[in-house]
$ cat work-v7.txt   # compact mmCIF, C-alpha atoms
# COMPACT_ATOMS: atom_id res chain seq x y z
CA MET A 1 -59.09 76.94 61.53
CA LEU A 2 -62.58 78.15 62.26
CA THR A 3 -65.82 76.28 62.76
CA ILE A 4 -69.15 77.93 63.47
CA ASP A 5 -71.98 76.26 65.29
CA ILE A 6 -75.49 77.69 65.48
CA GLN A 7 -78.09 76.67 68.03
CA ILE A 8 -81.56 78.02 68.67
CA GLU A 9 -82.61 78.55 72.28
CA ASN A 10 -86.10 79.95 72.73
CA THR A 11 -86.05 83.21 70.76
CA HIS A 12 -82.26 83.43 70.63
CA HIS A 13 -79.83 82.25 68.00
CA ILE A 14 -76.55 81.28 69.64
CA LEU A 15 -73.62 81.45 67.24
CA THR A 16 -70.43 79.80 68.47
CA PRO A 17 -67.27 80.38 66.45
CA SER A 18 -64.44 78.05 67.50
CA GLY A 19 -60.81 78.74 66.68
CA GLU A 20 -59.01 81.65 65.12
CA ILE A 21 -60.76 84.32 63.06
CA ASP A 22 -58.55 86.03 60.50
CA ALA A 23 -58.64 87.33 56.92
CA SER A 24 -58.66 83.79 55.53
CA ASN A 25 -61.94 82.78 57.17
CA SER A 26 -63.79 85.91 58.36
CA VAL A 27 -66.11 85.43 55.39
CA GLN A 28 -67.50 82.34 57.19
CA LEU A 29 -68.45 84.49 60.17
CA ASP A 30 -69.92 87.10 57.85
CA GLU A 31 -72.04 84.52 56.00
CA SER A 32 -73.29 82.96 59.23
CA ILE A 33 -74.42 86.31 60.64
CA ARG A 34 -75.95 87.38 57.32
CA HIS A 35 -77.79 84.08 57.05
CA LEU A 36 -79.24 84.48 60.56
CA SER A 37 -80.28 88.03 59.84
CA GLU A 38 -81.89 87.13 56.51
CA SER A 39 -83.78 84.26 58.08
CA GLY A 40 -85.40 86.70 60.50
CA ALA A 41 -83.33 86.25 63.67
CA LYS A 42 -84.04 89.05 66.12
CA SER A 43 -81.62 88.08 68.85
CA ILE A 44 -78.14 86.87 67.95
CA LEU A 45 -75.84 85.86 70.77
CA VAL A 46 -72.24 85.19 69.87
CA ASP A 47 -70.66 82.72 72.27
CA GLY A 48 -67.07 83.98 72.37
CA THR A 49 -65.74 81.34 74.73
CA GLN A 50 -64.17 79.30 71.92
CA ILE A 51 -62.55 82.22 70.05
CA ASP A 52 -58.78 81.94 70.49
CA TYR A 53 -57.84 84.82 68.25
CA ILE A 54 -59.53 87.54 66.22
CA SER A 55 -57.91 89.95 63.79
CA SER A 56 -59.38 93.11 62.29
CA ALA A 57 -61.00 91.02 59.56
CA GLY A 58 -63.23 89.37 62.15
CA LEU A 59 -63.83 92.55 64.14
CA GLY A 60 -64.84 94.26 60.92
CA VAL A 61 -67.57 91.69 60.37
CA PHE A 62 -69.24 92.58 63.68
CA MET A 63 -68.82 96.28 62.98
CA SER A 64 -70.37 96.04 59.54
CA TYR A 65 -73.70 94.86 60.99
CA LEU A 66 -74.04 97.43 63.76
CA GLU A 67 -76.07 100.01 61.85
CA ASP A 68 -78.17 97.52 59.92
CA PHE A 69 -79.10 95.67 63.07
CA GLN A 70 -79.96 98.88 64.87
CA GLU A 71 -82.30 99.85 62.02
CA LYS A 72 -83.90 96.40 61.84
CA GLY A 73 -84.18 96.01 65.61
CA VAL A 74 -81.88 92.97 65.68
CA SER A 75 -80.00 92.48 68.93
CA LEU A 76 -76.37 91.34 68.64
CA LYS A 77 -74.54 90.44 71.84
CA ILE A 78 -71.19 88.82 72.41
CA PHE A 79 -70.38 86.95 75.60
CA GLY A 80 -67.59 84.98 77.25
CA LEU A 81 -64.62 86.43 75.37
CA LYS A 82 -61.22 85.36 76.63
CA PRO A 83 -59.38 88.28 78.24
CA ARG A 84 -56.76 88.55 75.49
CA VAL A 85 -59.46 88.57 72.81
CA TYR A 86 -61.60 91.07 74.73
CA GLU A 87 -58.56 93.36 74.95
CA VAL A 88 -58.44 93.57 71.17
CA PHE A 89 -62.03 94.86 71.17
CA GLN A 90 -60.97 97.35 73.84
CA ILE A 91 -57.94 98.64 71.90
CA LEU A 92 -60.32 99.78 69.17
CA GLY A 93 -63.02 100.98 71.55
CA LEU A 94 -65.41 98.37 70.18
CA ASP A 95 -66.39 97.39 73.72
CA GLN A 96 -68.26 100.71 73.77
CA LEU A 97 -70.06 100.05 70.49
CA ILE A 98 -70.93 96.37 70.71
CA SER A 99 -72.82 94.80 73.61
CA ILE A 100 -70.28 92.55 75.27
CA PHE A 101 -71.04 90.47 78.37
CA PRO A 102 -68.87 88.32 80.62
CA ASP A 103 -71.10 85.26 80.31
CA LYS A 104 -74.26 83.89 78.76
CA GLU A 105 -76.41 84.52 81.85
CA SER A 106 -75.61 88.22 81.92
CA ALA A 107 -76.13 88.50 78.16
CA LEU A 108 -79.59 86.94 78.48
CA ALA A 109 -80.50 89.00 81.52
CA GLU A 110 -80.21 92.31 79.70
CA MET B 1 -31.13 86.78 67.76
CA LYS B 2 -32.66 87.22 64.33
CA GLN B 3 -35.32 84.78 63.12
CA LYS B 4 -36.80 84.73 59.63
CA ILE B 5 -39.78 83.32 57.81
CA GLN B 6 -40.91 83.49 54.20
CA LEU B 7 -44.65 83.57 53.58
CA SER B 8 -46.56 82.85 50.42
CA CYS B 9 -48.99 85.67 49.57
CA GLN B 10 -52.20 83.88 50.45
CA THR B 11 -54.34 84.41 53.50
CA SER B 12 -53.90 80.74 54.52
CA ALA B 13 -50.28 81.68 55.36
CA LEU B 14 -51.49 83.86 58.24
CA ALA B 15 -51.99 80.87 60.54
CA GLU B 16 -48.42 79.76 59.73
CA LEU B 17 -47.25 83.28 60.58
CA ARG B 18 -49.00 83.16 63.96
CA ARG B 19 -47.44 79.79 64.83
CA PHE B 20 -44.00 81.19 63.94
CA LEU B 21 -44.53 84.29 66.06
CA GLU B 22 -45.95 82.35 69.01
CA GLN B 23 -42.89 80.13 69.01
CA GLN B 24 -40.38 82.95 68.61
CA LEU B 25 -42.02 85.35 71.06
CA GLU B 26 -42.24 82.80 73.84
CA SER B 27 -38.59 83.29 74.80
CA THR B 28 -38.78 87.10 74.81
CA SER B 29 -39.45 89.43 77.75
CA LEU B 30 -42.92 90.31 76.47
CA SER B 31 -45.93 89.45 78.62
CA GLU B 32 -48.50 86.99 77.28
CA ARG B 33 -50.81 89.92 76.58
CA ASP B 34 -48.14 91.80 74.63
CA ARG B 35 -47.16 88.69 72.70
CA HIS B 36 -50.76 88.29 71.59
CA GLN B 37 -51.07 91.94 70.59
CA VAL B 38 -47.72 92.09 68.80
CA THR B 39 -48.67 88.95 66.86
CA LEU B 40 -51.88 90.67 65.84
CA ALA B 41 -50.07 93.85 64.69
CA VAL B 42 -47.54 91.92 62.59
CA GLU B 43 -50.33 89.84 61.09
CA GLU B 44 -52.33 92.95 60.21
CA VAL B 45 -49.41 94.38 58.22
CA CYS B 46 -48.78 91.05 56.49
CA ALA B 47 -52.50 90.57 55.71
CA ASN B 48 -52.61 94.05 54.16
CA LEU B 49 -49.64 93.25 51.93
CA ILE B 50 -50.98 89.83 50.96
CA ILE B 51 -54.47 91.08 50.13
CA HIS B 52 -53.89 94.60 48.78
CA SER B 53 -50.34 94.73 47.41
CA HIS B 54 -50.14 91.15 46.14
CA LYS B 55 -53.84 90.40 45.49
CA CYS B 56 -53.43 86.98 47.18
CA ASN B 57 -51.05 85.76 44.49
CA GLY B 58 -49.52 82.65 46.05
CA ARG B 59 -46.45 82.90 43.82
CA ASP B 60 -45.44 86.16 45.51
CA HIS B 61 -43.72 86.13 48.88
CA ILE B 62 -43.21 88.39 51.84
CA PHE B 63 -40.32 88.05 54.24
CA LEU B 64 -40.50 88.61 57.96
CA SER B 65 -37.57 88.84 60.29
CA MET B 66 -37.71 89.29 64.02
CA ASN B 67 -34.81 90.70 65.98
CA ASP B 68 -34.98 90.28 69.73
CA LEU B 69 -32.77 92.95 71.33
CA PRO B 70 -32.25 93.68 75.04
CA ASP B 71 -34.68 96.60 75.13
CA ARG B 72 -36.91 96.03 72.11
CA ILE B 73 -38.14 93.68 69.43
CA ILE B 74 -37.89 94.75 65.81
CA PHE B 75 -39.98 93.12 63.09
CA GLU B 76 -39.01 93.75 59.50
CA ILE B 77 -41.51 92.89 56.82
CA GLU B 78 -40.14 93.01 53.30
CA ASP B 79 -41.93 92.63 50.01
CA GLN B 80 -41.59 93.61 46.41
CA GLY B 81 -45.16 94.55 45.63
CA GLU B 82 -46.87 97.87 45.33
CA ALA B 83 -45.50 100.01 48.17
CA PHE B 84 -47.92 100.27 51.07
CA ASN B 85 -46.65 102.95 53.39
CA LEU B 86 -48.54 102.62 56.62
CA LEU B 87 -47.27 105.99 57.74
CA GLN B 88 -48.91 107.81 54.84
CA TYR B 89 -52.20 106.00 55.25
CA GLU B 90 -54.79 108.08 57.01
CA THR B 91 -56.05 106.40 60.17
CA PRO B 92 -59.74 105.83 59.56
CA ASP B 93 -62.31 107.07 62.00
CA ILE B 94 -64.19 104.22 63.70
CA GLN B 95 -67.56 105.88 63.13
CA ARG B 96 -66.82 106.14 59.43
CA VAL B 97 -65.83 102.48 59.31
CA ILE B 98 -69.26 101.67 60.79
CA SER B 99 -71.36 103.95 58.62
CA GLU B 100 -69.60 102.92 55.43
CA LYS B 101 -69.91 99.26 56.47
CA ARG B 102 -66.26 98.84 55.63
CA LYS B 103 -64.73 95.61 56.73
CA GLY B 104 -61.22 97.03 56.39
CA GLY B 105 -59.37 99.90 57.99
CA LEU B 106 -59.44 98.62 61.54
CA GLY B 107 -56.12 96.81 61.09
CA ILE B 108 -54.22 100.05 60.61
CA ILE B 109 -55.63 101.43 63.86
CA LEU B 110 -54.59 98.27 65.69
CA VAL B 111 -51.02 98.40 64.37
CA ARG B 112 -50.65 102.05 65.38
CA LYS B 113 -52.05 101.45 68.84
CA ILE B 114 -50.05 98.31 69.56
CA MET B 115 -46.61 99.10 68.19
CA ASP B 116 -44.34 101.80 69.64
CA GLU B 117 -42.66 102.75 66.38
CA ILE B 118 -43.44 102.19 62.72
CA GLN B 119 -40.89 102.86 59.99
CA PHE B 120 -41.21 102.42 56.26
CA GLU B 121 -38.72 102.55 53.44
CA SER B 122 -38.72 101.60 49.80
CA HIS B 123 -35.43 100.98 48.07
CA GLN B 124 -34.82 99.51 44.60
CA GLY B 125 -38.20 97.82 44.47
CA THR B 126 -38.05 96.35 47.97
CA ASN B 127 -40.40 97.77 50.59
CA THR B 128 -39.51 97.41 54.24
CA CYS B 129 -41.98 98.00 57.04
CA ARG B 130 -40.34 98.01 60.45
CA LEU B 131 -42.45 97.54 63.57
CA ILE B 132 -40.81 98.17 66.92
CA LYS B 133 -42.03 97.21 70.38
CA PHE B 134 -40.07 98.32 73.41
CA PHE B 135 -40.12 96.19 76.53
CA GLN B 136 -42.10 97.62 79.45
CA SER B 137 -43.58 100.34 77.29
$ encode --input "work-v7.txt" --output "structure tokens"
Amino acid sequence: MLTIDIQIENTHHILTPSGEIDASNSVQLDESIRHLSESGAKSILVDGTQIDYISSAGLGVFMSYLEDFQEKGVSLKIFGLKPRVYEVFQILGLDQLISIFPDKESALAE
Amino acid sequence: MKQKIQLSCQTSALAELRRFLEQQLESTSLSERDRHQVTLAVEEVCANLIIHSHKCNGRDHIFLSMNDLPDRIIFEIEDQGEAFNLLQYETPDIQRVISEKRKGGLGIILVRKIMDEIQFESHQGTNTCRLIKFFQS
């Protein structure tokens, strides 16, 4: 079960996925990010505090936007991941490729 | 003790798989961190079979058994679809996954990094993928 909430705070779009992200629902995450990007969002912050689980299907969604966002100058940051979820990013070395922060304050500060 | 589950080949069965694994792994010697990672690795193999070998055909099934031994846990995933031998599949390079904007390929890397041993055999139309995790490895 996955729900995705989007809030706008100043110039930032805060995307909050809640639940488990797997191959059955990663398309929801993909569509939400694509929609934000197409509507001109320049700063996307993913609030990871409500993500209980993420499989490669979900990780692949984040990965697939890295180059595009770099070219378009869109900033994508993830914050507040639970340790066990963050470890999955680490296993693949994605913590070196995606900007990941411990909390919202540190994500906004950089 | 050996536990079994039969899954319909649709991605909605993955949540059911996770609940089964959570329940079964709780009584093992694996740490919470390892339980989470092992669940992920087993799911990645099952998701691959469901999506690629069985094209999400809900009438097909895959069978998972988990054998909790004193020094290791063995997962056996059986299906009768197109053989998908994880061992022959080239591990994709992360940079290539990014530049080709592929949303797949990462699962294979996860399975290889998380599990200690991967075995595959195909016999009389039944494919068996065996994933082994040793305790304290």
$ residues_around --input "work-v7.txt" --residues "Leu49 of chain B" --least-positions-apart "3" --cutoff "10 Å" --atoms "all atoms listed in the file" --output "list in words"
Cys9, Gln10, Glu43, Glu44, Val45, Cys46, His52, Ser53, His54, Lys55, Cys56, His61, Ile62, Ile77, Glu78, Asp79, Gln80, Gly81, Glu82, Ala83 and Phe84 of chain B
$ residues_around --input "work-v7.txt" --residues "Val27 of chain A" --least-positions-apart "2" --cutoff "12 Å" --atoms "all atoms listed in the file" --output "NGL selection string"
(:A and (2-4 or 21-25 or 29-35 or 57-62)) or (:B and (11 or 103))
$ write_last_selection --input "work-v7.txt" --atoms "C-alpha atoms" --output "mmCIF file, keeping the file's coordinate frame"
data_model
loop_
_atom_site.group_PDB
_atom_site.id
_atom_site.type_symbol
_atom_site.label_atom_id
_atom_site.label_comp_id
_atom_site.auth_asym_id
_atom_site.auth_seq_id
_atom_site.Cartn_x
_atom_site.Cartn_y
_atom_site.Cartn_z
ATOM 1 C CA LEU A 2 -62.580 78.150 62.260
ATOM 2 C CA THR A 3 -65.820 76.280 62.760
ATOM 3 C CA ILE A 4 -69.150 77.930 63.470
ATOM 4 C CA ILE A 21 -60.760 84.320 63.060
ATOM 5 C CA ASP A 22 -58.550 86.030 60.500
ATOM 6 C CA ALA A 23 -58.640 87.330 56.920
ATOM 7 C CA SER A 24 -58.660 83.790 55.530
ATOM 8 C CA ASN A 25 -61.940 82.780 57.170
ATOM 9 C CA LEU A 29 -68.450 84.490 60.170
ATOM 10 C CA ASP A 30 -69.920 87.100 57.850
ATOM 11 C CA GLU A 31 -72.040 84.520 56.000
ATOM 12 C CA SER A 32 -73.290 82.960 59.230
ATOM 13 C CA ILE A 33 -74.420 86.310 60.640
ATOM 14 C CA ARG A 34 -75.950 87.380 57.320
ATOM 15 C CA HIS A 35 -77.790 84.080 57.050
ATOM 16 C CA ALA A 57 -61.000 91.020 59.560
ATOM 17 C CA GLY A 58 -63.230 89.370 62.150
ATOM 18 C CA LEU A 59 -63.830 92.550 64.140
ATOM 19 C CA GLY A 60 -64.840 94.260 60.920
ATOM 20 C CA VAL A 61 -67.570 91.690 60.370
ATOM 21 C CA PHE A 62 -69.240 92.580 63.680
ATOM 22 C CA THR B 11 -54.340 84.410 53.500
ATOM 23 C CA LYS B 103 -64.730 95.610 56.730
#
$ closest_residue --input "work-v7.txt" --among "B:Lys4, B:Lys133, B:His123, B:Arg33" --to "chain A" --atoms "all atoms listed in the file"
B:Arg33
$ closest_atom_pairs --input "work-v7.txt" --of "chain B" --to "chain A" --cutoff "9 Å" --atoms "all atoms listed in the file" --output "CSV"
residue,atom,partner,partner_atom,distance
B:Gln10,CA,A:Ser24,CA,8.2
B:Thr11,CA,A:Ser24,CA,4.8
B:Ser12,CA,A:Ser24,CA,5.7
B:Ala13,CA,A:Ser24,CA,8.6
B:Leu14,CA,A:Ser24,CA,7.7
B:Ala15,CA,A:Met1,CA,8.2
B:Glu32,CA,A:Arg84,CA,8.6
B:Arg33,CA,A:Arg84,CA,6.2
B:His36,CA,A:Arg84,CA,7.2
B:Gln37,CA,A:Val88,CA,7.6
B:Leu40,CA,A:Ser55,CA,6.4
B:Ala41,CA,A:Ser55,CA,8.8
B:Glu43,CA,A:Ser55,CA,8.0
B:Glu44,CA,A:Ser55,CA,7.3
B:Ala47,CA,A:Ala23,CA,7.0
B:Ile51,CA,A:Ala23,CA,8.8
B:Ile94,CA,A:Leu92,CA,8.0
B:Val97,CA,A:Met63,CA,7.8
B:Ile98,CA,A:Met63,CA,5.8
B:Ser99,CA,A:Glu67,CA,6.9
B:Glu100,CA,A:Ser64,CA,8.1
B:Lys101,CA,A:Ser64,CA,4.5
B:Arg102,CA,A:Ser64,CA,6.3
B:Lys103,CA,A:Gly60,CA,4.4
B:Gly104,CA,A:Gly60,CA,6.4
B:Gly105,CA,A:Ser56,CA,8.0
B:Leu106,CA,A:Ser56,CA,5.6
B:Gly107,CA,A:Ser56,CA,5.1
B:Ile108,CA,A:Ser56,CA,8.8
B:Ile109,CA,A:Leu92,CA,7.3
B:Leu110,CA,A:Leu92,CA,6.9
B:Lys113,CA,A:Ile91,CA,7.2
B:Ile114,CA,A:Ile91,CA,8.2
$ atom_distance --input "work-v7.txt" --atom1 "atom CA of Asp52 of chain A" --atom2 "atom CA of Gly19 of chain A"
5.4 Å
$ residues_around --input "work-v7.txt" --residues "Thr11 of chain A" --least-positions-apart "3" --cutoff "10 Å" --atoms "all atoms listed in the file" --output "list in words"
Ile8, Ile14, Ala41, Lys42, Ser43 and Ile44 of chain A
$ atom_distance --input "work-v7.txt" --atom1 "atom CA of Ile74 of chain B" --atom2 "atom CA of Gly125 of chain B"
21.6 Å
$ residues_around --input "work-v7.txt" --residues "Ser99 of chain A" --least-positions-apart "2" --cutoff "9 Å" --atoms "only C-alpha atoms" --output "PDB file with C-alpha atoms, keeping the file's coordinate frame"
ATOM      1  CA  SER A  75     -80.000  92.480  68.930  1.00  0.00           C
ATOM      2  CA  LEU A  76     -76.370  91.340  68.640  1.00  0.00           C
ATOM      3  CA  LYS A  77     -74.540  90.440  71.840  1.00  0.00           C
ATOM      4  CA  ILE A  78     -71.190  88.820  72.410  1.00  0.00           C
ATOM      5  CA  PHE A  79     -70.380  86.950  75.600  1.00  0.00           C
ATOM      6  CA  LEU A  94     -65.410  98.370  70.180  1.00  0.00           C
ATOM      7  CA  ASP A  95     -66.390  97.390  73.720  1.00  0.00           C
ATOM      8  CA  GLN A  96     -68.260 100.710  73.770  1.00  0.00           C
ATOM      9  CA  LEU A  97     -70.060 100.050  70.490  1.00  0.00           C
ATOM     10  CA  PHE A 101     -71.040  90.470  78.370  1.00  0.00           C
ATOM     11  CA  ALA A 107     -76.130  88.500  78.160  1.00  0.00           C
TER      12      ALA A 107
END
$ decode --input "work-v7.txt" --residues "segment 59-134 of chain B" --atoms "C-alpha atoms" --output "compact mmCIF listing (two decimals), in the first residue's frame"
# COMPACT_ATOMS: atom_id res chain seq x y z
CA ARG B 59 -3.02 -17.86 -13.43
CA ASP B 60 0.65 -18.83 -13.14
CA HIS B 61 2.20 -19.51 -9.75
CA ILE B 62 5.59 -19.50 -8.12
CA PHE B 63 6.40 -21.50 -5.02
CA LEU B 64 8.64 -20.37 -2.22
CA SER B 65 9.93 -22.52 0.57
CA MET B 66 12.07 -21.40 3.46
CA ASN B 67 14.23 -23.81 5.39
CA ASP B 68 15.62 -22.52 8.66
CA LEU B 69 18.72 -24.57 9.53
CA PRO B 70 21.10 -24.12 12.48
CA ASP B 71 23.73 -22.24 10.48
CA ARG B 72 21.82 -20.88 7.50
CA ILE B 73 18.48 -20.13 5.90
CA ILE B 74 17.73 -21.54 2.47
CA PHE B 75 15.02 -20.08 0.25
CA GLU B 76 13.90 -22.11 -2.72
CA ILE B 77 11.89 -20.37 -5.39
CA GLU B 78 10.34 -22.69 -7.95
CA ASP B 79 8.47 -21.86 -11.11
CA GLN B 80 7.66 -23.34 -14.45
CA GLY B 81 8.13 -20.33 -16.67
CA GLU B 82 10.92 -19.29 -18.93
CA ALA B 83 14.14 -20.10 -17.06
CA PHE B 84 15.73 -17.03 -15.53
CA ASN B 85 19.18 -17.98 -14.37
CA LEU B 86 20.40 -15.23 -12.11
CA LEU B 87 23.91 -16.62 -12.26
CA GLN B 88 24.16 -16.15 -16.02
CA TYR B 89 22.75 -12.66 -15.93
CA GLU B 90 25.41 -10.02 -16.20
CA THR B 91 25.41 -7.68 -13.21
CA PRO B 92 24.61 -4.27 -14.66
CA ASP B 93 26.86 -1.33 -13.98
CA ILE B 94 25.14 1.36 -11.90
CA GLN B 95 26.34 4.14 -14.19
CA ARG B 96 24.83 2.36 -17.17
CA VAL B 97 21.54 1.94 -15.33
CA ILE B 98 21.52 5.73 -14.82
CA SER B 99 22.52 6.76 -18.33
CA GLU B 100 20.12 4.34 -19.98
CA LYS B 101 17.37 5.48 -17.58
CA ARG B 102 16.61 1.84 -16.93
CA LYS B 103 14.26 1.19 -14.09
CA GLY B 104 15.36 -2.44 -13.89
CA GLY B 105 18.64 -4.18 -13.22
CA LEU B 106 19.17 -2.91 -9.71
CA GLY B 107 17.36 -5.91 -8.22
CA ILE B 108 20.00 -8.34 -9.45
CA ILE B 109 22.74 -6.29 -7.79
CA LEU B 110 20.80 -6.29 -4.52
CA VAL B 111 20.29 -10.06 -4.55
CA ARG B 112 23.99 -10.67 -5.20
CA LYS B 113 25.09 -8.28 -2.48
CA ILE B 114 22.65 -9.49 0.15
CA MET B 115 22.70 -13.27 -0.25
CA ASP B 116 25.76 -15.41 0.50
CA GLU B 117 25.08 -18.06 -2.11
CA ILE B 118 22.87 -18.28 -5.18
CA GLN B 119 22.18 -21.57 -6.95
CA PHE B 120 20.05 -22.25 -9.98
CA GLU B 121 18.85 -25.42 -11.61
CA SER B 122 16.30 -26.30 -14.23
CA HIS B 123 14.94 -29.82 -14.36
CA GLN B 124 12.02 -31.15 -16.42
CA GLY B 125 10.47 -27.73 -16.86
CA THR B 126 10.81 -26.67 -13.23
CA ASN B 127 13.29 -23.92 -12.42
CA THR B 128 14.67 -23.68 -8.91
CA CYS B 129 16.51 -20.63 -7.62
CA ARG B 130 18.11 -21.23 -4.24
CA LEU B 131 19.16 -18.27 -2.10
CA ILE B 132 21.28 -18.97 0.96
CA LYS B 133 22.05 -16.71 3.88
CA PHE B 134 24.45 -17.87 6.56
